[in-house]
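**Q** This structure is in structure tokens; I'll ask about it shortly.
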Amino acid sequence: MGTDVEDGPETVGMTTTTVERDHERRDASVRGVLWVAAGLLGLGALIQVVLYFHMEGLWRLRQRGLPPPSPVASALPSEPPSPRLETAPALDLRALRAGEDAQLHGYVWVDRGAGIVHIPIERAMDLVAEDAKR
């Protein structure tokens, strides 16, 4: 059977020749497996192309079946209502801070008739401190 068995004291029941080992060549053909894989990839690509054109045809059919858009739809605003997403957050923050600084550090009439004035925050803190000392 391709193996020699020795019955010496050191090799009792052990084979002394090596059996050549290799992969099984009769079960599956590598070339056949690769052809099947290529065929499946080709079939998948063909299915994708067919589905694309099928969906395009269905979309055109659906668009033909829709009524024309209402005239009211053209009167709708072109952009969403506020608050919108910031497209330049750094510029928006700079503008916000500039407005806050102008309000905090400037004089502005709140109600000229009643004599109400918005004063800078530093001046307001000084007046509060003077009031607390009295």
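Here's how to read the names in the structure tokens: chain A, B, ... by the order shown, residue numbers from 1 in each chain, ligand numbers from 1 in the order shown.
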Quick one: DSSP strand (DSSP E or B) residues in range 6-116 of chain A, as a ChimeraX atom specification?

**A** /A:15,108-111,116

**Q** Would you output that residue set with N, CA, C and O atoms, as a short mmCIF file (atom, residue, chain, number, x, y, z; two decimals), in the first residue's frame?

**A**
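The file below, part_12.cif, is the result:
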```
data_model
loop_
_atom_site.label_atom_id
_atom_site.label_comp_id
_atom_site.auth_asym_id
_atom_site.auth_seq_id
_atom_site.Cartn_x
_atom_site.Cartn_y
_atom_site.Cartn_z
N THR A 15 5.17 3.68 10.36
CA THR A 15 5.58 3.62 8.96
C THR A 15 6.94 4.28 8.81
O THR A 15 7.25 5.25 9.50
N VAL A 108 -28.06 103.47 23.70
CA VAL A 108 -29.16 103.35 22.76
C VAL A 108 -30.44 103.78 23.47
O VAL A 108 -30.67 103.43 24.63
N TRP A 109 -31.26 104.59 22.77
CA TRP A 109 -32.55 104.95 23.33
C TRP A 109 -33.47 103.75 23.27
O TRP A 109 -33.68 103.16 22.23
N VAL A 110 -34.06 103.40 24.42
CA VAL A 110 -35.07 102.35 24.46
C VAL A 110 -36.43 102.99 24.22
O VAL A 110 -37.21 102.53 23.39
N ASP A 111 -36.73 104.07 24.97
CA ASP A 111 -37.97 104.83 24.79
C ASP A 111 -37.63 106.29 25.04
O ASP A 111 -37.48 106.74 26.19
N ILE A 116 -35.99 106.53 28.72
CA ILE A 116 -35.30 105.27 29.06
C ILE A 116 -34.17 105.06 28.06
O ILE A 116 -34.38 105.05 26.85
#
```

**Q** So what do you get for CA of Leu127 in chain A versus CA of Gly106 in chain A, distance-wise?

**A**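 Going from CA of Leu127 in chain A over to CA of Gly106 in chain A covers 15.6 Å.
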